[in-house]
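A.B. asks: My structure is in protein27.cif, and what it holds is mmCIF, C-alpha atoms:
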```
data_protein
loop_
_atom_site.label_atom_id
_atom_site.label_comp_id
_atom_site.auth_asym_id
_atom_site.auth_seq_id
_atom_site.Cartn_x
_atom_site.Cartn_y
_atom_site.Cartn_z
CA MET A 53 -3.84 -11.40 4.29
CA LYS A 54 -6.59 -13.92 3.64
CA LEU A 55 -7.21 -12.59 0.14
CA ASP A 56 -5.31 -14.22 -2.71
CA LYS A 57 -6.59 -12.08 -5.59
CA PRO A 58 -8.08 -8.62 -6.14
CA VAL A 59 -11.70 -8.42 -4.98
CA PRO A 60 -14.01 -5.38 -4.75
CA GLY A 61 -13.20 -3.45 -1.60
CA GLY A 62 -9.87 -5.20 -1.04
CA PRO A 63 -6.33 -4.00 -1.69
CA CYS A 64 -5.36 -4.75 -5.27
CA TRP A 65 -2.14 -2.88 -5.93
CA THR A 66 0.62 -0.82 -4.36
CA GLU A 67 2.91 1.67 -6.03
CA LEU A 68 5.87 3.80 -5.06
CA GLY A 69 6.29 7.43 -6.00
CA THR A 70 10.02 8.09 -5.82
CA SER A 71 12.54 10.86 -6.44
CA ASP A 72 15.05 8.37 -7.91
CA LEU A 73 13.41 5.77 -10.14
CA GLU A 74 16.63 4.06 -11.21
CA GLY A 75 17.85 3.90 -7.62
CA ALA A 76 14.52 2.46 -6.50
CA LYS A 77 14.68 -0.20 -9.21
CA ARG A 78 18.10 -1.32 -7.99
CA PHE A 79 17.15 -1.21 -4.31
CA TYR A 80 13.93 -3.23 -4.54
CA ALA A 81 15.46 -5.72 -6.97
CA GLN A 82 18.05 -6.38 -4.28
CA VAL A 83 15.60 -6.48 -1.38
CA PHE A 84 12.73 -8.45 -2.95
CA GLY A 85 14.18 -9.93 -6.14
CA TRP A 86 11.85 -7.85 -8.29
CA ARG A 87 12.28 -7.61 -12.05
CA PRO A 88 11.30 -4.06 -13.08
CA GLU A 89 9.92 -3.27 -16.54
CA THR A 90 9.44 0.40 -17.46
CA ASP A 91 6.65 1.26 -19.88
CA PRO A 92 8.48 2.70 -22.91
CA ARG A 93 5.59 4.94 -24.01
CA PRO A 94 6.43 8.62 -23.37
CA GLU A 95 2.89 9.25 -22.10
CA ALA A 96 3.43 6.59 -19.39
CA GLY A 97 5.90 8.91 -17.68
CA GLY A 98 8.36 6.22 -16.63
CA TYR A 99 5.77 4.04 -14.90
CA THR A 100 7.50 0.79 -14.00
CA ILE A 101 5.90 -2.52 -13.06
CA ALA A 102 7.85 -4.89 -10.83
CA HIS A 103 7.47 -8.61 -11.42
CA LEU A 104 8.14 -11.84 -9.59
CA GLY A 105 8.42 -14.38 -12.36
CA ASP A 106 5.60 -13.46 -14.73
CA ALA A 107 3.38 -11.94 -12.02
CA ALA A 108 3.05 -8.18 -11.56
CA VAL A 109 3.45 -7.36 -7.86
CA ALA A 110 3.94 -3.58 -7.50
CA ALA A 111 4.82 -0.41 -9.38
CA LEU A 112 7.53 2.22 -9.16
CA SER A 113 7.11 5.65 -10.70
CA PRO A 114 8.70 9.10 -10.75
CA LEU A 115 7.03 11.88 -8.80
CA TYR A 116 4.48 13.52 -11.08
CA GLN A 117 3.81 16.66 -9.01
CA GLU A 118 6.01 18.85 -6.80
CA SER A 119 3.66 18.31 -3.87
CA GLN A 120 3.75 14.50 -4.19
CA PRO A 121 5.70 12.91 -1.34
CA VAL A 122 8.16 10.05 -1.73
CA ALA A 123 5.92 7.27 -0.45
CA TRP A 124 4.24 3.94 -1.05
CA ASN A 125 0.54 4.13 -1.94
CA VAL A 126 -2.18 1.50 -1.67
CA SER A 127 -5.00 0.97 -4.19
CA PHE A 128 -8.35 -0.65 -3.42
CA ALA A 129 -10.47 -2.35 -6.06
CA VAL A 130 -13.88 -0.94 -6.94
CA THR A 131 -16.40 -1.94 -9.60
CA ASP A 132 -17.21 1.67 -10.54
CA ALA A 133 -14.66 4.40 -9.81
CA ASP A 134 -17.12 7.22 -10.46
CA VAL A 135 -19.73 5.88 -8.05
CA ALA A 136 -17.02 5.18 -5.46
CA ALA A 137 -15.63 8.71 -5.79
CA ARG A 138 -19.06 10.21 -5.17
CA LEU A 139 -19.63 7.98 -2.15
CA LEU A 140 -16.17 8.84 -0.87
CA ALA A 141 -16.91 12.56 -0.96
CA GLU A 142 -20.31 12.08 0.68
CA ALA A 143 -18.62 10.11 3.49
CA GLY A 144 -16.19 12.94 4.25
CA GLY A 145 -13.22 12.09 2.04
CA LYS A 146 -11.67 14.23 -0.69
CA VAL A 147 -10.90 13.34 -4.30
CA LEU A 148 -7.48 14.67 -5.37
CA VAL A 149 -7.15 13.17 -8.86
CA GLY A 150 -9.66 11.57 -11.20
CA PRO A 151 -11.48 9.42 -11.78
CA MET A 152 -9.42 9.11 -14.95
CA GLU A 153 -8.61 6.52 -17.57
CA VAL A 154 -5.18 4.88 -17.58
CA PHE A 155 -4.87 3.68 -21.18
CA ASP A 156 -6.94 0.47 -21.36
CA ALA A 157 -5.66 -0.72 -17.98
CA GLY A 158 -8.46 0.73 -15.86
CA ARG A 159 -9.89 3.78 -14.15
CA PHE A 160 -8.01 5.46 -11.32
CA THR A 161 -8.72 7.87 -8.45
CA VAL A 162 -6.44 9.39 -5.80
CA ALA A 163 -8.17 10.43 -2.58
CA LEU A 164 -7.76 11.44 1.05
CA ASP A 165 -9.76 9.95 3.89
CA PRO A 166 -11.23 12.31 6.53
CA GLY A 167 -8.08 11.97 8.66
CA GLY A 168 -5.79 12.94 5.78
CA ALA A 169 -4.44 9.52 4.72
CA ALA A 170 -4.00 9.15 0.96
CA PHE A 171 -5.22 6.08 -0.88
CA GLN A 172 -6.33 5.10 -4.38
CA LEU A 173 -9.30 3.50 -6.08
CA TRP A 174 -8.85 1.16 -9.02
CA GLN A 175 -11.56 0.06 -11.42
CA ALA A 176 -9.97 -2.71 -13.43
CA GLY A 177 -9.93 -2.74 -17.20
CA ALA A 178 -7.26 -4.86 -18.84
CA PHE A 179 -5.20 -4.79 -15.62
CA PRO A 180 -6.86 -6.29 -12.51
CA GLY A 181 -4.03 -5.59 -10.07
CA ALA A 182 -1.35 -7.70 -8.47
CA GLY A 183 -1.02 -11.21 -9.84
CA VAL A 184 0.07 -12.74 -6.54
CA PHE A 185 -0.31 -11.96 -2.85
CA ASN A 186 1.22 -13.30 0.37
CA THR A 187 4.22 -14.99 -1.24
CA PRO A 188 7.76 -13.70 -0.61
CA GLY A 189 8.25 -10.40 -2.38
CA SER A 190 4.55 -9.64 -2.80
CA LEU A 191 1.97 -7.58 -0.94
CA GLY A 192 0.60 -9.36 2.11
CA TRP A 193 -0.98 -6.77 4.44
CA VAL A 194 -1.96 -3.08 4.47
CA GLU A 195 -2.15 -0.93 7.57
CA LEU A 196 -3.75 2.45 8.18
CA LEU A 197 -1.98 4.73 10.63
CA THR A 198 -4.35 7.49 11.67
CA ARG A 199 -5.03 10.02 14.40
CA SER A 200 -8.79 9.63 13.88
CA PRO A 201 -9.53 5.90 14.24
CA GLU A 202 -13.25 6.19 14.99
CA ARG A 203 -13.81 8.48 12.03
CA ALA A 204 -11.70 6.19 9.83
CA GLU A 205 -13.75 3.14 10.80
CA THR A 206 -16.99 4.89 9.89
CA PHE A 207 -15.57 6.19 6.61
CA TYR A 208 -14.07 2.95 5.29
CA THR A 209 -16.93 0.72 6.34
CA THR A 210 -19.30 3.13 4.59
CA LEU A 211 -17.17 3.32 1.46
CA PHE A 212 -16.14 -0.32 1.08
CA GLY A 213 -18.42 -2.29 3.40
CA TRP A 214 -15.43 -3.68 5.28
CA THR A 215 -15.86 -5.99 8.23
CA VAL A 216 -14.13 -4.92 11.44
CA ASN A 217 -12.39 -7.26 13.86
CA ALA A 218 -11.34 -5.09 16.79
CA SER A 219 -9.38 -6.03 19.89
CA GLU A 220 -8.04 -3.88 22.70
CA HIS A 221 -4.79 -3.21 20.86
CA TYR A 222 -5.50 -3.58 17.15
CA THR A 223 -8.29 -3.29 14.61
CA GLN A 224 -8.34 -5.57 11.56
CA TRP A 225 -10.12 -4.85 8.30
CA GLY A 226 -11.76 -7.53 6.17
CA VAL A 227 -13.86 -8.16 3.10
CA HIS A 228 -16.71 -10.49 4.09
CA GLY A 229 -14.61 -11.51 7.07
CA ALA A 230 -11.41 -12.22 5.12
CA ASP A 231 -8.90 -9.96 6.88
CA PHE A 232 -6.41 -8.10 4.72
CA GLY A 233 -5.18 -5.24 6.89
CA GLY A 234 -5.43 -3.26 10.07
CA MET A 235 -5.41 0.12 11.76
CA ILE A 236 -3.13 1.73 14.32
CA ALA A 237 -4.09 4.87 16.22
CA MET A 238 -1.19 7.33 16.02
CA ASP A 239 -0.31 8.53 19.52
CA ASP A 240 2.38 10.78 20.98
CA LYS A 241 5.10 8.33 19.90
CA PHE A 242 4.54 9.53 16.33
CA PRO A 243 6.15 12.91 15.59
CA PRO A 244 3.56 15.52 14.58
CA GLU A 245 5.17 15.91 11.15
CA VAL A 246 4.39 12.26 10.28
CA PRO A 247 1.09 12.36 8.38
CA PRO A 248 -1.62 9.70 8.53
CA HIS A 249 -0.90 7.11 5.86
CA TRP A 250 -1.44 3.62 4.50
CA LEU A 251 1.56 1.32 4.96
CA PRO A 252 2.02 -1.75 2.74
CA TYR A 253 3.65 -4.87 4.18
CA PHE A 254 5.43 -7.30 1.87
CA ALA A 255 5.86 -10.97 2.69
CA VAL A 256 9.45 -12.20 2.98
CA GLU A 257 11.09 -15.48 3.90
CA ASP A 258 13.39 -13.93 6.52
CA VAL A 259 12.62 -10.57 8.12
CA ASP A 260 16.05 -10.23 9.73
CA ALA A 261 17.86 -10.94 6.47
CA THR A 262 15.62 -8.46 4.63
CA ALA A 263 16.38 -5.78 7.23
CA ALA A 264 20.10 -6.44 6.78
CA THR A 265 19.77 -6.23 2.99
CA THR A 266 17.91 -2.94 3.37
CA THR A 267 20.69 -1.33 5.39
CA ALA A 268 23.32 -2.75 3.04
CA GLY A 269 21.46 -1.02 0.21
CA ASP A 270 21.57 2.36 2.02
CA GLY A 271 18.07 2.02 3.44
CA SER A 272 17.30 2.08 7.15
CA VAL A 273 15.36 0.17 9.79
CA LEU A 274 12.62 2.16 11.56
CA MET A 275 11.26 -0.73 13.62
CA GLU A 276 13.69 -3.55 14.34
CA PRO A 277 12.58 -7.11 13.50
CA THR A 278 10.06 -8.05 16.17
CA SER A 279 8.23 -11.28 16.95
CA MET A 280 4.46 -10.99 17.39
CA ALA A 281 1.81 -13.31 18.79
CA GLY A 282 1.16 -16.30 16.57
CA GLY A 283 4.72 -16.58 15.34
CA ARG A 284 4.69 -13.64 12.96
CA ARG A 285 7.85 -11.58 12.72
CA LEU A 286 7.84 -8.10 11.20
CA ALA A 287 9.87 -4.95 10.67
CA VAL A 288 9.31 -1.46 9.28
CA LEU A 289 11.95 -0.23 6.84
CA ARG A 290 12.77 2.86 4.81
CA ASP A 291 14.30 2.94 1.36
CA PRO A 292 17.20 5.27 0.41
CA GLN A 293 14.80 7.93 -0.91
CA GLY A 294 12.71 7.92 2.29
CA ALA A 295 9.69 5.75 1.43
CA VAL A 296 8.52 3.58 4.34
CA PHE A 297 7.30 -0.02 3.97
CA GLY A 298 6.81 -3.05 6.17
CA VAL A 299 7.91 -6.67 5.82
CA TYR A 300 6.72 -9.78 7.61
CA SER A 301 7.14 -13.51 7.69
CA ALA A 302 3.99 -15.27 8.77
CA GLY A 303 4.07 -18.03 11.34
CA ALA A 304 0.27 -17.86 11.38
CA GLU A 305 -2.32 -16.79 8.86
CA GLY A 306 -2.83 -13.01 8.86
#
```
Spell out the structure here as structure tokens.
C.D. replies:
Amino acid sequence: MKLDKPVPGGPCWTELGTSDLEGAKRFYAQVFGWRPETDPRPEAGGYTIAHLGDAAVAALSPLYQESQPVAWNVSFAVTDADVAARLLAEAGGKVLVGPMEVFDAGRFTVALDPGGAAFQLWQAGAFPGAGVFNTPGSLGWVELLTRSPERAETFYTTLFGWTVNASEHYTQWGVHGADFGGMIAMDDKFPPEVPPHWLPYFAVEDVDATAATTTAGDGSVLMEPTSMAGGRRLAVLRDPQGAVFGVYSAGAEG
């Protein structure tokens, strides 16, 4: 990711909805060295912010609705959540929750893109988003897996004004040319029950060691550590409750 701070249109935060908050705290502390702090206010519902040092890097929370899947979610920064929600609907997306205030932290929306992938909008108040990107244990890339890549490209470029850097095998998203993520077209290798989704990738020092720590913590490896062009090594992992996430170590800027 070429972004080093939250900017309008770029990813600013990622949070896990989990069926076992205490188990998730232990697992991710072991895998990434996170220090979790749960908001003690009853109205916060157990919302927990994970830190590296003093920097907030991600959140963990209980499931708030029966229909909510155990999954990682990605938030994108907007300057006006209400305007963005209207534009989103006009472009073919669907607002599921909000826009709504989250204390004094900001304004929040949960949405689906036209292909069915969930994502979130965040209008910052007192909380701008992650305090660090691209360093070990922090968010470093976001990837859309979709069965409707052409429709997704039209939707997200309309909504956020993203730049598109497309090759034969992969499409990269950017804000003013600063790439922060990509898109994979889901083909027959993906079981039909796997829904379109946004997948966060966290930077790590050693992908193979992180994969081993994941399995030792009762998680699993979905894609074995693999070396990519440019020296990057990555893997796709699953935590003990079933949430999927990626990790990478960058041998080249992403």
A.B. asks: Can you tell me how far CA of Glu195 in chain A sits from CA of Trp225 in chain A, in Å to one decimal?
C.D. replies: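 Spanning CA of Glu195 in chain A to CA of Trp225 in chain A is a straight-line distance of 8.9 Å.
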A.B. asks: Could you produce a table of the residues of range 144-207 of chain A lying within 7 Å of range 243-262 of chain A, with the nearest pair of atoms per residue and their separation in Å rounded to one decimal, using only C-alpha atoms, ordered by chain and increasing residue number, as CSV?
C.D. replies:
```
residue,atom,partner,partner_atom,distance
A:Gly167,CA,A:Pro248,CA,6.8
A:Gly168,CA,A:Pro248,CA,6.0
A:Ala169,CA,A:His249,CA,4.4
A:Ala170,CA,A:His249,CA,6.1
A:Asn186,CA,A:Ala255,CA,5.7
A:Thr187,CA,A:Ala255,CA,5.9
A:Pro188,CA,A:Val256,CA,4.2
A:Gly189,CA,A:Ala255,CA,5.6
A:Ser190,CA,A:Phe254,CA,5.3
A:Leu191,CA,A:Phe254,CA,4.5
A:Gly192,CA,A:Phe254,CA,5.3
A:Trp193,CA,A:Tyr253,CA,5.0
A:Val194,CA,A:Pro252,CA,4.5
A:Glu195,CA,A:Leu251,CA,5.1
A:Leu196,CA,A:Trp250,CA,4.5
A:Leu197,CA,A:Pro248,CA,5.4
A:Thr198,CA,A:Pro248,CA,4.7
A:Arg199,CA,A:Pro248,CA,6.8
```
A.B. asks: Which one of A:Ala182, A:Val130, A:Val227, A:Leu148 sits closest to Trp65 in chain A if you count all atoms listed in the file?
C.D. replies: A:Ala182
A.B. asks: Once the PyMOL selection byres ((chain A and resi 69-73) around 7) has been applied to the shown file, what residues remain in the selection, as a PyMOL selection string?
C.D. replies: chain A and resi 67-68+74-77+112-115+122-124+293
A.B. asks: Could you check how far CA of Tyr116 in chain A sits from CA of Glu95 in chain A, in Å to one decimal?
C.D. replies: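 Computing it gives 11.9 Å between the two atoms.
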A.B. asks: When you look at Asp231 in chain A with a cut-off of 12 Å (counting all atoms listed in the file), what residues show up, excluding the ones that are within fewer than 3 positions of it in the same chain? I need them as a list in words.
C.D. replies: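 Skipping anything fewer than 3 positions along the chain leaves Met53, Lys54, Leu55, Asp56, Gly61, Gly62, Pro63, Gly192, Trp193, Val194, Glu195, Trp214, Thr215, Val216, Asn217, Ala218, Thr223, Gln224, Trp225, Gly226, Val227, His228, Gly234, Met235, Glu305 and Gly306 of chain A.
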A.B. asks: Hey, can you check how far CA of Val288 in chain A sits from CA of Asp240 in chain A?
C.D. replies: 18.3 Å
A.B. asks: Given the PyMOL selection byres ((chain A and resi 292) around 7) and the file above, list the residues it selects as a PyMOL selection string.
C.D. replies: chain A and resi 270-271+290-291+293-294
A.B. asks: Taking every listed atom of range 222-240 of chain A and adding 4 Å to each side, what centre and edge lengths in Å (one decimal) does the axis-aligned box have, as AutoDock Vina command-line options?
C.D. replies:
```
--center_x -7.2 --center_y -0.7 --center_z 12.0 --size_x 27.1 --size_y 31.0 --size_z 25.9
```
A.B. asks: Could you list the residues chosen by the PyMOL selection byres ((chain A and resi 143) around 10) in this structure as a compact mmCIF listing (two decimals) with C-alpha atoms, in the coordinates of the input?
C.D. replies:
```
# COMPACT_ATOMS: atom_id res chain seq x y z
CA ALA A 137 -15.63 8.71 -5.79
CA ARG A 138 -19.06 10.21 -5.17
CA LEU A 139 -19.63 7.98 -2.15
CA LEU A 140 -16.17 8.84 -0.87
CA ALA A 141 -16.91 12.56 -0.96
CA GLU A 142 -20.31 12.08 0.68
CA GLY A 144 -16.19 12.94 4.25
CA GLY A 145 -13.22 12.09 2.04
CA LYS A 146 -11.67 14.23 -0.69
CA ASP A 165 -9.76 9.95 3.89
CA PRO A 166 -11.23 12.31 6.53
CA ARG A 203 -13.81 8.48 12.03
CA THR A 206 -16.99 4.89 9.89
CA PHE A 207 -15.57 6.19 6.61
CA TYR A 208 -14.07 2.95 5.29
CA THR A 209 -16.93 0.72 6.34
CA THR A 210 -19.30 3.13 4.59
CA LEU A 211 -17.17 3.32 1.46
```
A.B. asks: Can you work out which one of A:Trp86, A:Tyr222, A:Tyr99, A:Trp174 has the shortest atom-to-atom distance to Ala237 in chain A, counting all atoms listed in the file?
C.D. replies: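 Closest to Ala237 in chain A of all the choices is A:Tyr222.
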A.B. asks: Show which residues sit within 10 Å of Thr161 in chain A, as a ChimeraX atom specification. Count all atoms listed in the file, and ignore same-chain residues fewer than 6 positions away.
C.D. replies: /A:127-128,133-134,136-137,147-153,171-175
